[in-house]
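The block underneath contains the structure these notes are about, expressed in structure tokens.
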Amino acid sequence: DEKAVHYGFLVGLNSSGFAISLDDAVLERDDSLRYVRSGHGPGFHLGVVSDFRLAEHAALRFTPTLMFLQRDMYYSYTRPSSDLRKSVQMANLDFPLLFKWRSDRIRNYRMYVVGGFKYSIDMTSQERVVDDVERVKLRRHDYSFDFGVGMDLYFPFFKMSPELRFSQGISNTVVSERHIYSA
């Protein structure tokens, strides 16, 4: 705990979805579409932890991460036979820079909160692919706010830190095209 810099690795599970708002012009053009909802898809991530100690209770954390995830969109029409699901698979390189505020250490436990910003690159983005397939395409670059809580558990030779973190995107990542699935 007294080191100025320490490193580690992270392994995690994630779930991701969309915040959806429909374009009114689409609803007027296709009156058989009732609604679109987001489904949360599963994923996992692997990364490297770099903690830079600023003070007894403060640290700066940089955790470059490779994240694999899936997001689903469900389209519901007036005829249930027309309902469908569009899945979007992603492989992101995430670069979060987080501020970590830690409590006092009590025996071998220490609670903390984290918060900061994250820049992401979708390595599987098809943003610039031009084709006539009606698929949901996402932008290659994304920015988000991250915040979470966790606990440092101290063992004789290592420290384990289970953490629950939330991320909220800042911008619209869907590439706007002229088909109903992206509008």
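All residue names refer to the structure tokens as shown: chains lettered A, B, ... in order, residues numbered from 1 in each chain, ligands numbered from 1 in order.
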
Got a sec: who's within 6 Å of range 9-20 of chain A, counting only C-alpha atoms, leaving out chain neighbours fewer than 4 positions off, as a ChimeraX atom specification? /A:38-49,71

Going by DSSP on the backbone, which residues of chain A come out as helix (DSSP H, G or I)? List them as an MDAnalysis selection string. chainID A and resid 24:29 80:82

Dump C-alpha atoms for the selected residues as a PDB file, in the first residue's frame?
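Saved as out_31.pdb:
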```pdb
ATOM      1  CA  ASP A  24     -40.583  10.679 -35.116  1.00  0.00           C
ATOM      2  CA  ALA A  25     -40.140  10.697 -38.903  1.00  0.00           C
ATOM      3  CA  VAL A  26     -39.485   6.930 -38.798  1.00  0.00           C
ATOM      4  CA  LEU A  27     -42.673   6.296 -36.853  1.00  0.00           C
ATOM      5  CA  GLU A  28     -44.649   8.345 -39.388  1.00  0.00           C
ATOM      6  CA  ARG A  29     -43.010   6.574 -42.345  1.00  0.00           C
ATOM      7  CA  PRO A  80     -45.886 -10.237 -34.168  1.00  0.00           C
ATOM      8  CA  SER A  81     -44.530 -12.397 -37.021  1.00  0.00           C
ATOM      9  CA  SER A  82     -42.503  -9.354 -38.160  1.00  0.00           C
TER      10      SER A  82
END
```

Have a look at A:Ser125, A:Gln168, A:Ser161, A:Asn92 and name the one nearest to Arg110 in chain A; count only C-alpha atoms.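 Among A:Ser125, A:Gln168, A:Ser161, A:Asn92, it is A:Ser161 that comes nearest to Arg110 in chain A.
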
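Within the 10 Å cut-off around Arg79 in chain A, using only C-alpha atoms and omitting residues fewer than 4 positions from it on the same chain, the listed residues are Ser32, Leu33, Arg34 and Asp83 of chain A.
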
Write out as number ranges by chain the residues lying within 12 Å of range 51-55 of chain A, counting only C-alpha atoms and excluding same-chain residues fewer than 2 positions away. A: 1-9, 48-49, 57-64, 97-104, 114

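The smallest atom-to-atom distance between His141 in chain A and any of A:Gln126, A:Ser76, A:Ser167, A:Thr173, using only C-alpha atoms, is found for A:Thr173.
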
Extract the full set of strand (DSSP E or B) residues from range 4-151 of chain A according to DSSP on the backbone, and format it as an NGL selection string. :A and (5-16 or 33-53 or 58-62 or 65-77 or 84-102 or 106 or 109-122 or 138 or 141-151)

Using only C-alpha atoms, determine which residues lie at most 9 Å from Lys118 in chain A, disregarding the query and same-chain residues fewer than 5 positions distant; provide the list as a list in words.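 Those residues are Asp94, Phe95, Pro96, Leu97, Leu98, Asp142, Tyr143, Ser144, Phe145, Asp146 and Ser167 of chain A.
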
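Between CA of Ser120 in chain A and CA of Met90 in chain A the interatomic distance comes to 11.1 Å.
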
For CA of Tyr35 in chain A and CA of Tyr77 in chain A, quote the distance in Å rounded to one decimal.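 That distance, rounded to one decimal, is 7.2 Å.
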
So which one's closest to Met160 in chain A, A:Met111, A:Leu93, A:Val88, A:Val174? Using only C-alpha atoms, please. A:Met111
